[in-house]
Each structure stands twice: as structure tokens, then as C-alpha cells.
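Report on one structure; see the data block that follows.
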Amino acid sequence: MKEALYYTKLDGNKAQCGLCPHNCIVADGKAGFCRVRSNRGGVLYSDIFARVTSYGLDPIEKKPLYHFHPGRLISSFGTKGCNLSCAFCQNYSISQDPDAPDEEVTPSAAVRAALRDGSFGIAYTYTEPMIWFEYVLETARLARAAGLRNVLVTNGLVNEKPLRALIPYVDAMNVDVKSMDDGFYRKVCSGMLAPVLKTVELAVKGGCHVEVTNLVIPTLNDAPENFEKLRDWLSVAAGDLVPLHFSRYFPMYKLDIPPTPVATLEKACAIAREKLKYVYVGNAGGGDRDNTLCPACGNLQVQRRGYSARIVGIKDGKCAKCGRATDIVGV
């Protein structure tokens, strides 16, 4: 355990967490919505500091980050718990189970593991890294000092003050914008939309490399209006060069809706590309939907197959055909 960084002590040994927009008021002996931040005698603790449920050396494309050091491997750590309860969660066995098995990995041990494995950085992923805030912040500081990059794969549901404290140590993040409908967030995920959009905006302003993912679920968030709103907001909030990933849904956890038709994903891409330069489709079984093309001349710059990436049309940071500067970090 480690005392939480963002909370307020209240009367009656209660504590109000200030980490995420749930702003849970936690009674003594109880935990907040995320199930991993608990009140012990009026003091709020992170129960998961240095507790790791999952570790892997992953392709950066798996996050997905397509414009950040393509083809490189990154050490990936995850814990248990989440501040959302999405009916379609693919990692529900750890995100929704506070008793999921874990082991101790201190911040310094995580950095040593990344260096030992030849990784270029550390990704805080698999479940929601924001509820792991104290650990992520301490580890990210050590990683930065060791010359490693820090990556967040996040649902974006975090309050502004802790986010601002973390951004200086984060090199890249993929933010999951699940829908542009607040009603979807509240009904399907027990969350809220506005703070997620704010996270993207603040990360971009803070100089972080940002990519956005939208999991497309039939009948729930697949209306053209949702894609149009996402496109319009993102083009203003992050600019037309921000990579947008539409991901195919498959039945999982509590949701048994049939998988997303590929035609729906292609329609989403067509809508998004009216204002965005880089739009990708994930989890849809190959094709050319994951390749990066030069927006000026159409030259193939990065070819992807599954989670493998091959740089084929970039030379000295520029398009090998027309000379336009690439929009990819680390090439």
C-alpha cells in the first residue's frame, strides 16, 4: 500500500478521492469505485502500488501506437482494477476483479526489466493506468532518468490536476474515446465523456504524442453521427495529423452483440478521412487498412501486418518519394 496523492480527509474518518471524476467519498474500511483505492482509518491508500498482474514485451503497434517508434518493442506492465465498468471489457478478469493474482514489481525493478529486455520504454497498459497513479508517476520519473520512453494506454478518465502532474513524464498515449455520446458512457461504461475529451486536449497541449482509439460496437456507437462528431472534435482538439484507430468489436464479458461488420469500419474511416490525414482500422484481419501513406503523394511509408511494422518509404525523416517531413516519431 501507499498513501494516495490526491484525496481530502472528511469528517467521520471518510476520505474523498480526487484522482478521477468519480470523486468517490470512501468510508473507513471501504474502497472506491475502482476497488483498489481504500480508506484505512481516514487515510486513502493505493492498494496496488507496485502490484503487477501482467507483464509483456509487446510491439508498440499493439497499444495501438502507429506513429511512435514503429516496429519497436516496449515493456508493458498492468495492474488490476479500473474506474470504468465497460460491459464489453476484454481484460475483465483483471480490471473487474480486485482479487486477481499479482506480484510485487517495484518502480526500480520495472525500469531494470525494461533495460534488461532491450525495450525502448515502458507502457502502462492492459488495465487503466490512471488508477495506478502513484506507481506510474514514480516509475515514469525513474524511466525518464534512465533514457526510456513512457507510454500510457488509457481510458482518459482522470481529473485535471493529477493529469497535469503526470504529462511531463509521458512521451505518448493512446486514449480510448469510446463514444461521443455521454449517455453511452453512463449506461454502458459507468463513466462520463467530457473528462475524456479534456484529457486528450490537455495531453496534446502538453506536448505528448497522442493517438485515439474508438471501439465500434454495432447498435451502440456505430451511427454515422458518432463518427462525424469524433472527427470534428478531434480535428480541432488535436489537429488533422492525429492518428485515429477504429477497432472492431467482438463479443466479450457481458456483451453478446455480434461482431462489427467490416463495412461499418470502412464507413467510419471514410467519414473520418474527410478531415483527418491518418485513419486506421484495427482487429479486422489484415488488408491495407493499417498502412501509413504519405498524405501529400500517397507513397507507402510504413507497411503493417498484424503487429509487425516495416518502414519502406521514409528516408532521413522524410517521405522517400516527395520529401515531405514524416508525421511519425522515432524514424
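Chain lettering (A, B, ...) mirrors the order of the C-alpha cells, residue numbering begins at 1 for each chain separately, and ligand numbering begins at 1 in order of display.
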
Check which residues of region 283-326 of chain A sit at most 12 Å from region 71-87 of chain A using only C-alpha atoms, and return one row each with the closest pair of atoms and their distance in Å to one decimal, ordered by chain and rising number, as JSON lines.
{"residue": "A:Val302", "atom": "CA", "partner": "A:Gly71", "partner_atom": "CA", "distance": 9.5}
{"residue": "A:Gln303", "atom": "CA", "partner": "A:Gly71", "partner_atom": "CA", "distance": 10.1}
{"residue": "A:Arg304", "atom": "CA", "partner": "A:Gly71", "partner_atom": "CA", "distance": 9.1}
{"residue": "A:Arg305", "atom": "CA", "partner": "A:Gly71", "partner_atom": "CA", "distance": 10.9}
{"residue": "A:Gly306", "atom": "CA", "partner": "A:Gly71", "partner_atom": "CA", "distance": 11.3}
{"residue": "A:Tyr307", "atom": "CA", "partner": "A:Gly71", "partner_atom": "CA", "distance": 8.3}
{"residue": "A:Ser308", "atom": "CA", "partner": "A:Gly71", "partner_atom": "CA", "distance": 6.2}
{"residue": "A:Ala309", "atom": "CA", "partner": "A:Gly71", "partner_atom": "CA", "distance": 4.9}
{"residue": "A:Arg310", "atom": "CA", "partner": "A:Gly71", "partner_atom": "CA", "distance": 6.6}
{"residue": "A:Ile311", "atom": "CA", "partner": "A:Gly71", "partner_atom": "CA", "distance": 8.1}
{"residue": "A:Val312", "atom": "CA", "partner": "A:Gly71", "partner_atom": "CA", "distance": 11.7}

For the residues in the current selection, export C-alpha atoms as a tab-separated table (two decimals), in the first residue's frame.
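Output file selection.tsv is given in full below:
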chain	number	residue	atom	x	y	z
A	302	VAL	CA	5.01	2.08	-43.19
A	303	GLN	CA	3.68	-1.36	-44.07
A	304	ARG	CA	1.94	-3.31	-41.29
A	305	ARG	CA	0.85	-6.91	-41.00
A	306	GLY	CA	-0.78	-7.67	-37.68
A	307	TYR	CA	1.51	-6.20	-35.04
A	308	SER	CA	4.60	-6.13	-37.25
A	309	ALA	CA	5.66	-2.93	-38.96
A	310	ARG	CA	8.20	-2.30	-41.71
A	311	ILE	CA	9.40	1.16	-42.71
A	312	VAL	CA	9.51	1.13	-46.51

**OP:** Name all residues at most 12 Å from Leu255 (chain A) (count only C-alpha atoms; drop same-chain ones fewer than 6 positions away) and give them as a ChimeraX atom specification.
**Re:** /A:86-90,92,188-189,217-220,249

Can I get the selected residues back with N, CA and C atoms, as an mmCIF file, in the first residue's frame?
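Below is the file out-v1.cif, written as the result:
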data_model
loop_
_atom_site.group_PDB
_atom_site.id
_atom_site.type_symbol
_atom_site.label_atom_id
_atom_site.label_comp_id
_atom_site.auth_asym_id
_atom_site.auth_seq_id
_atom_site.Cartn_x
_atom_site.Cartn_y
_atom_site.Cartn_z
ATOM 1 N N CYS A 86 -16.923 -1.251 -18.186
ATOM 2 C CA CYS A 86 -17.464 -1.433 -19.531
ATOM 3 C C CYS A 86 -18.023 -2.843 -19.707
ATOM 4 N N ALA A 87 -19.210 -2.935 -20.253
ATOM 5 C CA ALA A 87 -19.859 -4.236 -20.446
ATOM 6 C C ALA A 87 -19.117 -5.110 -21.438
ATOM 7 N N PHE A 88 -18.214 -4.521 -22.234
ATOM 8 C CA PHE A 88 -17.505 -5.245 -23.284
ATOM 9 C C PHE A 88 -16.015 -5.398 -22.980
ATOM 10 N N CYS A 89 -15.596 -5.207 -21.743
ATOM 11 C CA CYS A 89 -14.170 -5.187 -21.393
ATOM 12 C C CYS A 89 -13.477 -6.495 -21.774
ATOM 13 N N GLN A 90 -12.360 -6.378 -22.495
ATOM 14 C CA GLN A 90 -11.643 -7.577 -22.913
ATOM 15 C C GLN A 90 -10.682 -8.081 -21.841
ATOM 16 N N TYR A 92 -11.503 -8.060 -18.489
ATOM 17 C CA TYR A 92 -12.344 -8.010 -17.292
ATOM 18 C C TYR A 92 -11.834 -8.896 -16.161
ATOM 19 N N VAL A 188 -23.286 2.224 -20.502
ATOM 20 C CA VAL A 188 -22.515 1.035 -20.874
ATOM 21 C C VAL A 188 -21.200 0.919 -20.108
ATOM 22 N N CYS A 189 -20.675 2.061 -19.649
ATOM 23 C CA CYS A 189 -19.343 2.062 -19.023
ATOM 24 C C CYS A 189 -19.311 2.603 -17.598
ATOM 25 N N ILE A 217 -19.032 -0.526 -31.800
ATOM 26 C CA ILE A 217 -19.926 -1.596 -31.358
ATOM 27 C C ILE A 217 -21.280 -1.439 -32.050
ATOM 28 N N PRO A 218 -21.710 -2.449 -32.788
ATOM 29 C CA PRO A 218 -22.991 -2.349 -33.503
ATOM 30 C C PRO A 218 -24.144 -1.978 -32.581
ATOM 31 N N THR A 219 -24.984 -1.075 -33.045
ATOM 32 C CA THR A 219 -26.203 -0.566 -32.397
ATOM 33 C C THR A 219 -25.932 0.347 -31.203
ATOM 34 N N LEU A 220 -24.714 0.397 -30.700
ATOM 35 C CA LEU A 220 -24.435 1.197 -29.509
ATOM 36 C C LEU A 220 -23.689 2.495 -29.821
ATOM 37 N N TYR A 249 -15.101 -4.540 -32.777
ATOM 38 C CA TYR A 249 -15.607 -5.186 -31.556
ATOM 39 C C TYR A 249 -15.917 -6.659 -31.803
#

Original post:
Of the candidates A:Thr106, A:Thr125, A:Thr213, A:Asn13, which shows the shortest atom-to-atom distance to Ala50 (chain A), using only C-alpha atoms?
Top reply: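 Closest candidate: A:Thr106.
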
Original post:
Using the chain letters and numbers from this document, which residues of region 192-236 of chain A does DSSP assign to strand (DSSP E), as a PyMOL selection string?
Top reply: chain A and resi 209-216

Using the selection just defined, write its residues with C-alpha atoms as an mmCIF file, in the first residue's frame.
data_model
loop_
_atom_site.group_PDB
_atom_site.id
_atom_site.type_symbol
_atom_site.label_atom_id
_atom_site.label_comp_id
_atom_site.auth_asym_id
_atom_site.auth_seq_id
_atom_site.Cartn_x
_atom_site.Cartn_y
_atom_site.Cartn_z
ATOM 1 C CA HIS A 209 2.244 12.347 -28.733
ATOM 2 C CA VAL A 210 -1.429 11.329 -28.792
ATOM 3 C CA GLU A 211 -3.369 8.746 -30.760
ATOM 4 C CA VAL A 212 -7.048 7.931 -30.281
ATOM 5 C CA THR A 213 -8.936 4.648 -30.466
ATOM 6 C CA ASN A 214 -12.670 4.155 -30.936
ATOM 7 C CA LEU A 215 -14.044 0.625 -30.487
ATOM 8 C CA VAL A 216 -17.040 0.426 -32.820
#

**OP:** Determine, counting only C-alpha atoms, which protein, DNA and RNA residues have an atom within 8 Å of an atom of region 316-320 of chain A; residues of the same chain fewer than 4 positions away are not included. Present the result as a list in words.
**Re:**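 Using only C-alpha atoms, the neighbours found are Cys294, Asn299, Gln301, Arg324, Ala325, Thr326 and Val331 of chain A.
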
Original post:
Which residues in region 104-289 of chain A does DSSP call alpha helix (DSSP H)? List them as a ChimeraX atom specification.
Top reply: /A:107-116,133-145,160-166,182-184,194-205,224-237,262-272
